[in-house]
Number of protein chains: 4
Amino acid sequence: MSGNTFGSVFKITTWGESHGPAVGVVVDGCPPRLPLNEVMIQTMLERRRPGRSSASTGRNEPDKALILSGVFDGVTTGTPIMIMIHNRDADPRSYDHLADVYRPGHGDITYKAKYGIRDWRGGGRASARETAGRVAAGAVARELLQREHIGVWAYTIALGGVMAHERNLAVMDNNPYYCPDEQAAAAMEKRVQEIKKQGDSVGGVVEILVRGVPKGLGEPVFDKLDADLAKALMSIGAVKGIEIGSGFQVPARLGSQNNDPITPEGFLSNHAGGILAGISNGDEILMRVAVKPIPSIRIEQQTIDTAGRPRTISIQGRHDIAAIPRINVVCESMVNLVLADHLLRHRRIQ
Amino acid sequence: MSGNTFGSVFKITTWGESHGPAVGVVVDGCPPRLPLNEVMIQTMLERRRPGRSSASTGRNEPDKALILSGVFDGVTTGTPIMIMIHNRDADPRSYDHLADVYRPGHGDITYKAKYGIRDWRGGGRASARETAGRVAAGAVARELLQREHIGVWAYTIALGGVMAHERNLAVMDNNPYYCPDEQAAAAMEKRVQEIKKQGDSVGGVVEILVRGVPKGLGEPVFDKLDADLAKALMSIGAVKGIEIGSGFQVPARLGSQNNDPITPEGFLSNHAGGILAGISNGDEILMRVAVKPIPSIRIEQQTIDTAGRPRTISIQGRHDIAAIPRINVVCESMVNLVLADHLLRHRRIQ
Amino acid sequence: MSGNTFGSVFKITTWGESHGPAVGVVVDGCPPRLPLNEVMIQTMLERRRPGRSSASTGRNEPDKALILSGVFDGVTTGTPIMIMIHNRDADPRSYDHLADVYRPGHGDITYKAKYGIRDWRGGGRASARETAGRVAAGAVARELLQREHIGVWAYTIALGGVMAHERNLAVMDNNPYYCPDEQAAAAMEKRVQEIKKQGDSVGGVVEILVRGVPKGLGEPVFDKLDADLAKALMSIGAVKGIEIGSGFQVPARLGSQNNDPITPEGFLSNHAGGILAGISNGDEILMRVAVKPIPSIRIEQQTIDTAGRPRTISIQGRHDIAAIPRINVVCESMVNLVLADHLLRHRRIQ
Amino acid sequence: MSGNTFGSVFKITTWGESHGPAVGVVVDGCPPRLPLNEVMIQTMLERRRPGRSSASTGRNEPDKALILSGVFDGVTTGTPIMIMIHNRDADPRSYDHLADVYRPGHGDITYKAKYGIRDWRGGGRASARETAGRVAAGAVARELLQREHIGVWAYTIALGGVMAHERNLAVMDNNPYYCPDEQAAAAMEKRVQEIKKQGDSVGGVVEILVRGVPKGLGEPVFDKLDADLAKALMSIGAVKGIEIGSGFQVPARLGSQNNDPITPEGFLSNHAGGILAGISNGDEILMRVAVKPIPSIRIEQQTIDTAGRPRTISIQGRHDIAAIPRINVVCESMVNLVLADHLLRHRRIQ
């Protein structure tokens, strides 16, 4: 009802504000006897931490995950798993000047409209810091998926106008942008540094690939696997578009081009992106999301204060230039969560 | 859990198969004392019926809506509203030849994988006929929205490669494609007739515009207004991509171009598409969905039978050439449902 | 949210008013490939029909169940099962005199307070007729339970002050009160006839016994098996009290008397009623519910009209003298539904 | 699905095990701008702490509540409120001897059956320590109710066979048993001391009174106010029976005795317990719950070990003699939560 919970069987609830004492997540519905420890979670959180690329210049949080419940003797017990991450580098006073002004492109103005109050310290609940809880939960889901031999990859295929032309997943971990095209990665780095100097920010495209999904996941009619994936990905702050399989190519195609012929050995193409009528068909699942530029920029912008008077604003301080590459693991985590949930949902009919 | 229910306060559950005795919907959570009668529902169902354009050549159903509960003396009572639509023109025997073969691009193969059984008569539950229930429910939601002065329009901006260049909403009801560009509409009709002769089908793009949404609708973090809209639209069978505001344009934009400046009179642009941090900002909401070509085509395709042996298939009979224009009112209905739900959800904090 | 849905995996939504065209239920989440037909449902509905005992003098409905979806070739398909029961003997005009008066002990006054409108024809949605949908759904659940060798019995152990002293389940179907004590059954019949002459009504106690429940059903912490059973039974209109195992005997017992000793062969007693910490322990589940007298009586009562003025009322017409024995199958159905739901919920961790 | 969440709008999720690092709760759906601080929560937690009566001899926890999110400048913001309580006095090693044996009357055997693993340290998740989270959440709900002038009292009317004959709420806080009859309270204390010497435990009855509930709360059909209250109370570990209004007295009453006559000034009696057809009627709500004796006793009992071999067990150490009086505030908290939830649910139709 209040939007802080995701999933129906493998269910998570995140809590916490950017500059409160901590952020965290309760993972409920995880099956018992799954190996789990803080290192597994930390590994995923590391991919969300700033500092790997020039695009990330944000605050430096150790992001140390603490498991406070639901694990006994190194395995899950079937009870809620509470994972907490302290906010160490929180510096609420550095946001004092934002207390009475709305930043363009941010939720400042809409939170105030909705709740009549807003925690203006670093975006409060609307901060991307909330996604630390998602990533921690996604790491739990990942353990479940790995047991079923399902793998998820989220890599950058466009950033600041630079496109990746290859899909060499083997190299994606070798560059700070999780880009499967090394030449493109180098060009992205160059582009980001230019933009940084200008005090501006850039957007990009993340592609998500899933391998090993068994046939039969997804619930018609409304909780189609692609519908739940779309919601999961669109719930990430910076995402403005989603496509599955051939996506926005399909409007220009004919049925005879777009259908995937079926043979005894499997499908001959994958325009569907691995999902038919909302249910996985056993093929690879392929999605792309459009990521908007970070709205916090040094360049001066027109806005209003909380009393409705015109103001200009130039946002200084620690801000990323692009949501990519930190957003990649968030995308991957959300996909992990959807798949874990549908895996468990499907068991009711087995 | 089983995916047949949508919404959390204004909640609908559709039921029924394409060639069973009837399809329908239970609308639960509609406020009491809202005027409602069968004519209001019929009006919307008419827009879903085949026969208006050359693209629609499907079976001819009267689609007569019956309200069986929840309404007393012409107004809602606050109890569940059951709306039933009989399947009159159902001819299950005409599908006998599909009992043991999987149609490419359809859910035949995935339903069988999921449930171990499938109602092969016209797609069963996976048939677009299920959306009659959505449209009936959307008509109820529409009454609620109109009381709040919220309007939703779903119009065609691309079909079979023909693009609309104008957005003249005044003319959209004058052509069978709900296209806001009359020249484009004529070209679409021509294109559809060509494709029809070839035994093929086409895709397109539907744009959805919402006016009058108050500030403050949408629930952070997971049930963002755009996340719920994305799920709602992606749950429609033929939809493969969704974008909000600048959508897939944002990856190529700079932050300084993409932020919408705020003035005392409102926003100076609307790249956000009317939603900031998942909450409506009072501006127009604008979305576009990519609609795939109808998978049922006369052109011969490669497939397998239920025993896994190779087969070819040429789908004869009554099939649309494009999901557009019949899908438009389904898109509009889903948006109606999301907005009605969030309107009521928001009341808890008022 | 609106209270018309029960269950989380095996989920039902009832709809319909006492004197509308029909009542019914959507059963969602039933596993596929379960044999189901209208006869199975009818068998249970028969036990809810009036006319078997002197206690039931209500309207005579054929209560013919129609399955409109979710079943194909005699088995469930995994899609929603819609079951409809027409209201044939509805005579709304006979309730005209109740349009402007509140019946004591009924929901007339509270429905008006809640919704600002009420369907006064025979209680509308608050009528016990709504339970026809529950019984139809319970019959579906029963098929699932029988496959797992789980049996549920709901029998009368008190009526109008007459107590059953035996628990001979073999005879319960031989008397109209589903009483497991034949002598008591005869005394109940006598008592009911006396009360009927006086224009009054009586209450009683129904006991529910479940055999064959495997260990492990029930979800701590809030959805304990006994908590869900309590809600299920308390949601039946006339029920005012519930106890499990030793129930209201436990306050007077010592721990050493109340604990059930455990041996390698099982528990030596069953004060727990088959549930420990909210999870089934493999023993029989035993509950009792207190059923209030039917509030509609011929004896004159003090009340007010819808304008708030004092009135007296004597309710004529077709009314039961006791909710028992018709309520028994409703109790059984609700227990069936809870067990079916928890059976399926438990599968996620298997 | 996993049973750790309660409520639909005002929703709580508890987490934590008895001897893990902490227990806690996420309160989601609380309206914004409600004053809230740790003292308000601490006040309620104090009533749950051991040491006030001879019946409570359990471990001594400071039970210090920390609010980690959802509150800004002393008021709620509408985002999730995470409240954490550290386990300070946890001494897991003192439970080592219980690692391989099942305590009679406890959930040890059923948790093992359900999950295949159990955290045996002090009952793990099944421990009454979990209720600290409920009380913390109940304290938040209480703030909301007080703003609406709704008050809830939970007092002891029977303990170890001693009955309260008066209902003098003014004195209930003057004795350690929250008993509204001072003479009975003294007799209860005496009785508890006797039982303590014998190494046994006792049960009792808690009555809950609610004043100030407006008309119209509660959702027909399944989420009746009394059904939700029954579930809430039955979800408390030691509760084995629940009655509302005349409860288990109704089976012996006639309709003419049990109906509450209506006058322009209100109801002339309250056998209904303030609820008609599941909706509050504006009168006082009155319930009673049967509380079983604490299963942990010093007296030797028959049981089995985890290998299924017979064992005897005498439970030493820190255990309460009765769940009363510590359970009283848990009952009150659950009622607070149900009322807060239904208050907010009801707003959707206002």
# chains A, B, ... in the order shown; residues from 1 in each chain; ligands from 1
>>> interface_residues(of="chain C", to="chain A", cutoff="9 Å", atoms="only C-alpha atoms", output="list in words")
Val9, Gly29, Cys30, Pro31, Pro32, Gly78, Thr79, Pro220, Leu343, Leu344, Arg345, His346, Arg347, Arg348, Ile349 and Gln350 of chain C
>>> residues_around(residues="region 150-167 of chain B", least_positions_apart="3", cutoff="8 Å", atoms="only C-alpha atoms", output="MDAnalysis selection string")
(chainID A and resid 251:254) or (chainID B and resid 145:147 172 177:181 184:185 187:188 191:192 202:213 324:325 328:329 331:332 335:336)
>>> atom_distance(atom1="CA of Val140 (chain C)", atom2="CA of Thr77 (chain B)")
29.0 Å
>>> atom_distance(atom1="CA of Asn37 (chain B)", atom2="CA of Gly24 (chain C)")
20.1 Å
>>> residues_around(residues="Glu189 (chain C)", least_positions_apart="5", cutoff="9 Å", atoms="only C-alpha atoms", output="list of chain:residue names")
C:Ser53, C:Ser54, C:Ala55, C:Pro176, C:Tyr177, C:Ala184, C:Glu194
>>> residues_around(residues="Ile299 (chain D)", least_positions_apart="4", cutoff="12 Å", atoms="only C-alpha atoms", output="PDB file with all heavy atoms, in the first residue's frame")
ATOM      1  N   LEU C 254      -3.035 -25.817  35.065  1.00  0.00           N
ATOM      2  CA  LEU C 254      -1.614 -25.610  35.329  1.00  0.00           C
ATOM      3  C   LEU C 254      -0.815 -26.024  34.098  1.00  0.00           C
ATOM      4  O   LEU C 254      -1.287 -26.833  33.283  1.00  0.00           O
ATOM      5  CB  LEU C 254      -1.186 -26.469  36.530  1.00  0.00           C
ATOM      6  CG  LEU C 254      -1.890 -26.152  37.852  1.00  0.00           C
ATOM      7  CD1 LEU C 254      -1.497 -27.158  38.915  1.00  0.00           C
ATOM      8  CD2 LEU C 254      -1.554 -24.727  38.288  1.00  0.00           C
ATOM      9  N   GLY C 255       0.370 -25.516  33.982  1.00  0.00           N
ATOM     10  CA  GLY C 255       1.237 -25.889  32.868  1.00  0.00           C
ATOM     11  C   GLY C 255       1.442 -27.397  32.804  1.00  0.00           C
ATOM     12  O   GLY C 255       1.416 -28.002  31.735  1.00  0.00           O
ATOM     13  N   SER C 256       1.608 -28.014  33.964  1.00  0.00           N
ATOM     14  CA  SER C 256       1.872 -29.460  33.999  1.00  0.00           C
ATOM     15  C   SER C 256       0.657 -30.254  33.532  1.00  0.00           C
ATOM     16  O   SER C 256       0.777 -31.406  33.106  1.00  0.00           O
ATOM     17  CB  SER C 256       2.278 -29.889  35.409  1.00  0.00           C
ATOM     18  OG  SER C 256       1.262 -29.508  36.324  1.00  0.00           O
ATOM     19  N   GLN C 257      -0.515 -29.632  33.604  1.00  0.00           N
ATOM     20  CA  GLN C 257      -1.727 -30.307  33.124  1.00  0.00           C
ATOM     21  C   GLN C 257      -1.972 -30.025  31.646  1.00  0.00           C
ATOM     22  O   GLN C 257      -2.581 -30.809  30.941  1.00  0.00           O
ATOM     23  CB  GLN C 257      -2.962 -29.803  33.895  1.00  0.00           C
ATOM     24  CG  GLN C 257      -2.940 -30.098  35.378  1.00  0.00           C
ATOM     25  CD  GLN C 257      -4.000 -29.290  36.128  1.00  0.00           C
ATOM     26  OE1 GLN C 257      -4.293 -28.149  35.765  1.00  0.00           O
ATOM     27  NE2 GLN C 257      -4.561 -29.883  37.177  1.00  0.00           N
ATOM     28  N   ASN C 259       0.334 -28.954  29.137  1.00  0.00           N
ATOM     29  CA  ASN C 259       1.302 -29.396  28.125  1.00  0.00           C
ATOM     30  C   ASN C 259       0.961 -30.800  27.653  1.00  0.00           C
ATOM     31  O   ASN C 259       0.502 -31.626  28.446  1.00  0.00           O
ATOM     32  CB  ASN C 259       2.719 -29.399  28.720  1.00  0.00           C
ATOM     33  CG  ASN C 259       3.279 -27.992  28.871  1.00  0.00           C
ATOM     34  OD1 ASN C 259       2.754 -27.029  28.324  1.00  0.00           O
ATOM     35  ND2 ASN C 259       4.360 -27.863  29.634  1.00  0.00           N
TER      36      ASN C 259
ATOM     37  N   PRO D 104       7.946 -29.699  25.574  1.00  0.00           N
ATOM     38  CA  PRO D 104       6.493 -29.844  25.392  1.00  0.00           C
ATOM     39  C   PRO D 104       5.801 -28.477  25.437  1.00  0.00           C
ATOM     40  O   PRO D 104       6.215 -27.596  26.201  1.00  0.00           O
ATOM     41  CB  PRO D 104       6.072 -30.709  26.584  1.00  0.00           C
ATOM     42  CG  PRO D 104       7.295 -31.478  26.960  1.00  0.00           C
ATOM     43  CD  PRO D 104       8.446 -30.537  26.685  1.00  0.00           C
ATOM     44  N   ILE D 195       2.277 -21.445  43.134  1.00  0.00           N
ATOM     45  CA  ILE D 195       2.572 -22.211  41.925  1.00  0.00           C
ATOM     46  C   ILE D 195       4.066 -22.202  41.632  1.00  0.00           C
ATOM     47  O   ILE D 195       4.652 -23.199  41.205  1.00  0.00           O
ATOM     48  CB  ILE D 195       1.801 -21.602  40.728  1.00  0.00           C
ATOM     49  CG1 ILE D 195       0.304 -21.762  40.946  1.00  0.00           C
ATOM     50  CG2 ILE D 195       2.237 -22.213  39.408  1.00  0.00           C
ATOM     51  CD1 ILE D 195      -0.165 -23.187  41.018  1.00  0.00           C
ATOM     52  N   LYS D 196       4.663 -21.062  41.865  1.00  0.00           N
ATOM     53  CA  LYS D 196       6.096 -20.886  41.644  1.00  0.00           C
ATOM     54  C   LYS D 196       6.869 -21.909  42.469  1.00  0.00           C
ATOM     55  O   LYS D 196       7.799 -22.552  41.974  1.00  0.00           O
ATOM     56  CB  LYS D 196       6.457 -19.475  42.091  1.00  0.00           C
ATOM     57  CG  LYS D 196       7.759 -18.946  41.553  1.00  0.00           C
ATOM     58  CD  LYS D 196       7.897 -17.487  41.997  1.00  0.00           C
ATOM     59  CE  LYS D 196       9.077 -16.804  41.381  1.00  0.00           C
ATOM     60  NZ  LYS D 196       9.003 -15.345  41.633  1.00  0.00           N
ATOM     61  N   LYS D 197       6.462 -22.055  43.712  1.00  0.00           N
ATOM     62  CA  LYS D 197       7.145 -23.022  44.575  1.00  0.00           C
ATOM     63  C   LYS D 197       7.028 -24.432  44.030  1.00  0.00           C
ATOM     64  O   LYS D 197       7.933 -25.248  44.156  1.00  0.00           O
ATOM     65  CB  LYS D 197       6.523 -22.985  45.987  1.00  0.00           C
ATOM     66  CG  LYS D 197       7.104 -21.865  46.846  1.00  0.00           C
ATOM     67  CD  LYS D 197       6.563 -21.936  48.274  1.00  0.00           C
ATOM     68  CE  LYS D 197       6.527 -20.542  48.882  1.00  0.00           C
ATOM     69  NZ  LYS D 197       5.318 -20.294  49.675  1.00  0.00           N
ATOM     70  N   GLN D 198       5.878 -24.715  43.436  1.00  0.00           N
ATOM     71  CA  GLN D 198       5.643 -26.064  42.896  1.00  0.00           C
ATOM     72  C   GLN D 198       6.374 -26.294  41.569  1.00  0.00           C
ATOM     73  O   GLN D 198       6.328 -27.382  41.013  1.00  0.00           O
ATOM     74  CB  GLN D 198       4.143 -26.285  42.668  1.00  0.00           C
ATOM     75  CG  GLN D 198       3.309 -26.209  43.938  1.00  0.00           C
ATOM     76  CD  GLN D 198       1.819 -26.073  43.624  1.00  0.00           C
ATOM     77  OE1 GLN D 198       1.377 -26.363  42.518  1.00  0.00           O
ATOM     78  NE2 GLN D 198       1.053 -25.652  44.615  1.00  0.00           N
ATOM     79  N   GLY D 199       6.979 -25.223  41.026  1.00  0.00           N
ATOM     80  CA  GLY D 199       7.657 -25.377  39.737  1.00  0.00           C
ATOM     81  C   GLY D 199       6.680 -25.502  38.579  1.00  0.00           C
ATOM     82  O   GLY D 199       7.016 -26.030  37.520  1.00  0.00           O
ATOM     83  N   ASP D 200       5.494 -24.992  38.774  1.00  0.00           N
ATOM     84  CA  ASP D 200       4.464 -25.119  37.728  1.00  0.00           C
ATOM     85  C   ASP D 200       4.138 -23.719  37.173  1.00  0.00           C
ATOM     86  O   ASP D 200       4.832 -22.738  37.480  1.00  0.00           O
ATOM     87  CB  ASP D 200       3.220 -25.782  38.336  1.00  0.00           C
ATOM     88  CG  ASP D 200       2.507 -26.689  37.341  1.00  0.00           C
ATOM     89  OD1 ASP D 200       2.594 -26.421  36.129  1.00  0.00           O
ATOM     90  OD2 ASP D 200       1.868 -27.665  37.779  1.00  0.00           O
ATOM     91  N   SER D 201       3.113 -23.615  36.347  1.00  0.00           N
ATOM     92  CA  SER D 201       2.736 -22.328  35.754  1.00  0.00           C
ATOM     93  C   SER D 201       1.217 -22.272  35.637  1.00  0.00           C
ATOM     94  O   SER D 201       0.545 -23.298  35.754  1.00  0.00           O
ATOM     95  CB  SER D 201       3.386 -22.181  34.372  1.00  0.00           C
ATOM     96  OG  SER D 201       2.891 -23.171  33.488  1.00  0.00           O
ATOM     97  N   PRO D 295       4.375 -22.855  29.011  1.00  0.00           N
ATOM     98  CA  PRO D 295       4.740 -24.282  28.890  1.00  0.00           C
ATOM     99  C   PRO D 295       6.078 -24.644  29.549  1.00  0.00           C
ATOM    100  O   PRO D 295       6.300 -25.812  29.851  1.00  0.00           O
ATOM    101  CB  PRO D 295       4.770 -24.525  27.386  1.00  0.00           C
ATOM    102  CG  PRO D 295       4.859 -23.188  26.757  1.00  0.00           C
ATOM    103  CD  PRO D 295       4.321 -22.183  27.711  1.00  0.00           C
ATOM    104  N   THR D 312      13.278 -37.176  29.448  1.00  0.00           N
ATOM    105  CA  THR D 312      12.498 -36.344  30.358  1.00  0.00           C
ATOM    106  C   THR D 312      13.183 -34.995  30.415  1.00  0.00           C
ATOM    107  O   THR D 312      14.377 -34.874  30.130  1.00  0.00           O
ATOM    108  CB  THR D 312      12.415 -36.937  31.779  1.00  0.00           C
ATOM    109  OG1 THR D 312      13.735 -37.101  32.273  1.00  0.00           O
ATOM    110  CG2 THR D 312      11.669 -38.263  31.770  1.00  0.00           C
ATOM    111  N   ILE D 313      12.399 -33.991  30.764  1.00  0.00           N
ATOM    112  CA  ILE D 313      12.952 -32.644  30.768  1.00  0.00           C
ATOM    113  C   ILE D 313      12.374 -31.865  31.950  1.00  0.00           C
ATOM    114  O   ILE D 313      11.186 -31.973  32.275  1.00  0.00           O
ATOM    115  CB  ILE D 313      12.665 -31.934  29.422  1.00  0.00           C
ATOM    116  CG1 ILE D 313      13.417 -30.610  29.346  1.00  0.00           C
ATOM    117  CG2 ILE D 313      11.184 -31.720  29.219  1.00  0.00           C
ATOM    118  CD1 ILE D 313      13.402 -29.982  27.954  1.00  0.00           C
ATOM    119  N   SER D 314      13.241 -31.119  32.608  1.00  0.00           N
ATOM    120  CA  SER D 314      12.825 -30.207  33.680  1.00  0.00           C
ATOM    121  C   SER D 314      13.454 -28.870  33.313  1.00  0.00           C
ATOM    122  O   SER D 314      14.671 -28.750  33.270  1.00  0.00           O
ATOM    123  CB  SER D 314      13.332 -30.709  35.028  1.00  0.00           C
ATOM    124  OG  SER D 314      13.321 -29.634  35.950  1.00  0.00           O
ATOM    125  N   ILE D 315      12.603 -27.892  33.003  1.00  0.00           N
ATOM    126  CA  ILE D 315      13.145 -26.636  32.467  1.00  0.00           C
ATOM    127  C   ILE D 315      13.490 -25.669  33.591  1.00  0.00           C
ATOM    128  O   ILE D 315      12.616 -25.181  34.312  1.00  0.00           O
ATOM    129  CB  ILE D 315      12.164 -26.019  31.452  1.00  0.00           C
ATOM    130  CG1 ILE D 315      11.979 -27.020  30.304  1.00  0.00           C
ATOM    131  CG2 ILE D 315      12.716 -24.701  30.919  1.00  0.00           C
ATOM    132  CD1 ILE D 315      10.896 -26.680  29.337  1.00  0.00           C
ATOM    133  N   GLN D 316      14.776 -25.449  33.759  1.00  0.00           N
ATOM    134  CA  GLN D 316      15.289 -24.552  34.792  1.00  0.00           C
ATOM    135  C   GLN D 316      15.412 -23.154  34.204  1.00  0.00           C
ATOM    136  O   GLN D 316      15.089 -22.921  33.053  1.00  0.00           O
ATOM    137  CB  GLN D 316      16.680 -25.032  35.241  1.00  0.00           C
ATOM    138  CG  GLN D 316      16.749 -26.513  35.599  1.00  0.00           C
ATOM    139  CD  GLN D 316      15.939 -26.851  36.836  1.00  0.00           C
ATOM    140  OE1 GLN D 316      15.758 -26.017  37.705  1.00  0.00           O
ATOM    141  NE2 GLN D 316      15.419 -28.078  36.902  1.00  0.00           N
TER     142      GLN D 316
END
>>> residues_around(residues="Ala272 (chain D)", least_positions_apart="4", cutoff="12 Å", atoms="only C-alpha atoms", output="number ranges by chain")
C: 104-107, 237-241, 291-293, 295; D: 226, 243-250, 255, 257-261, 267-268, 276-287
>>> residues_around(residues="Gly308 (chain A)", least_positions_apart="2", cutoff="10 Å", atoms="only C-alpha atoms", output="PDB file with N, CA, C and O atoms, in the first residue's frame")
ATOM      1  N   ASP A 100      15.098  24.735   1.931  1.00  0.00           N
ATOM      2  CA  ASP A 100      13.946  25.529   1.485  1.00  0.00           C
ATOM      3  C   ASP A 100      13.914  25.743  -0.025  1.00  0.00           C
ATOM      4  O   ASP A 100      13.303  26.692  -0.512  1.00  0.00           O
ATOM      5  N   VAL A 101      14.551  24.817  -0.770  1.00  0.00           N
ATOM      6  CA  VAL A 101      14.528  24.967  -2.224  1.00  0.00           C
ATOM      7  C   VAL A 101      14.312  23.595  -2.866  1.00  0.00           C
ATOM      8  O   VAL A 101      14.713  22.580  -2.309  1.00  0.00           O
ATOM      9  N   TYR A 102      13.631  23.596  -3.996  1.00  0.00           N
ATOM     10  CA  TYR A 102      13.371  22.341  -4.704  1.00  0.00           C
ATOM     11  C   TYR A 102      14.375  22.163  -5.828  1.00  0.00           C
ATOM     12  O   TYR A 102      14.480  23.020  -6.709  1.00  0.00           O
ATOM     13  N   THR A 303      14.614  27.460 -10.572  1.00  0.00           N
ATOM     14  CA  THR A 303      13.711  26.686  -9.716  1.00  0.00           C
ATOM     15  C   THR A 303      12.928  27.633  -8.796  1.00  0.00           C
ATOM     16  O   THR A 303      12.911  28.851  -9.025  1.00  0.00           O
ATOM     17  N   ILE A 304      12.255  27.054  -7.787  1.00  0.00           N
ATOM     18  CA  ILE A 304      11.528  27.877  -6.801  1.00  0.00           C
ATOM     19  C   ILE A 304      11.899  27.403  -5.402  1.00  0.00           C
ATOM     20  O   ILE A 304      12.395  26.291  -5.216  1.00  0.00           O
ATOM     21  N   ASP A 305      11.632  28.263  -4.424  1.00  0.00           N
ATOM     22  CA  ASP A 305      11.834  27.826  -3.042  1.00  0.00           C
ATOM     23  C   ASP A 305      10.511  27.300  -2.490  1.00  0.00           C
ATOM     24  O   ASP A 305       9.499  27.272  -3.186  1.00  0.00           O
ATOM     25  N   THR A 306      10.543  26.869  -1.230  1.00  0.00           N
ATOM     26  CA  THR A 306       9.344  26.226  -0.664  1.00  0.00           C
ATOM     27  C   THR A 306       8.190  27.215  -0.482  1.00  0.00           C
ATOM     28  O   THR A 306       7.058  26.807  -0.267  1.00  0.00           O
ATOM     29  N   PRO A 310      10.744  32.431  -7.149  1.00  0.00           N
ATOM     30  CA  PRO A 310      11.776  31.989  -8.099  1.00  0.00           C
ATOM     31  C   PRO A 310      13.167  32.020  -7.466  1.00  0.00           C
ATOM     32  O   PRO A 310      13.462  32.892  -6.654  1.00  0.00           O
ATOM     33  N   ARG A 311      13.983  31.072  -7.844  1.00  0.00           N
ATOM     34  CA  ARG A 311      15.360  30.960  -7.356  1.00  0.00           C
ATOM     35  C   ARG A 311      16.211  30.354  -8.461  1.00  0.00           C
ATOM     36  O   ARG A 311      15.712  29.732  -9.397  1.00  0.00           O
TER      37      ARG A 311
ATOM     38  N   ILE B 262      11.868  24.770 -12.898  1.00  0.00           N
ATOM     39  CA  ILE B 262      10.653  25.048 -12.125  1.00  0.00           C
ATOM     40  C   ILE B 262      10.490  26.560 -11.977  1.00  0.00           C
ATOM     41  O   ILE B 262      11.449  27.268 -11.673  1.00  0.00           O
ATOM     42  N   THR B 263       9.274  27.018 -12.197  1.00  0.00           N
ATOM     43  CA  THR B 263       8.973  28.446 -11.998  1.00  0.00           C
ATOM     44  C   THR B 263       7.720  28.541 -11.128  1.00  0.00           C
ATOM     45  O   THR B 263       7.019  27.533 -10.941  1.00  0.00           O
ATOM     46  N   PRO B 264       7.456  29.717 -10.619  1.00  0.00           N
ATOM     47  CA  PRO B 264       6.227  29.859  -9.821  1.00  0.00           C
ATOM     48  C   PRO B 264       4.982  29.467 -10.610  1.00  0.00           C
ATOM     49  O   PRO B 264       3.976  29.077 -10.028  1.00  0.00           O
ATOM     50  N   GLU B 265       5.066  29.540 -11.937  1.00  0.00           N
ATOM     51  CA  GLU B 265       3.900  29.196 -12.771  1.00  0.00           C
ATOM     52  C   GLU B 265       3.879  27.720 -13.152  1.00  0.00           C
ATOM     53  O   GLU B 265       2.950  27.258 -13.823  1.00  0.00           O
ATOM     54  N   GLY B 266       4.899  26.979 -12.775  1.00  0.00           N
ATOM     55  CA  GLY B 266       4.942  25.564 -13.124  1.00  0.00           C
ATOM     56  C   GLY B 266       6.234  25.197 -13.807  1.00  0.00           C
ATOM     57  O   GLY B 266       7.181  25.996 -13.850  1.00  0.00           O
TER      58      GLY B 266
END
>>> select_by_dssp(residues="region 44-186 of chain B", states="alpha helix (DSSP H)", output="PyMOL selection string")
chain B and resi 44-46+108-115+131-147+182-186
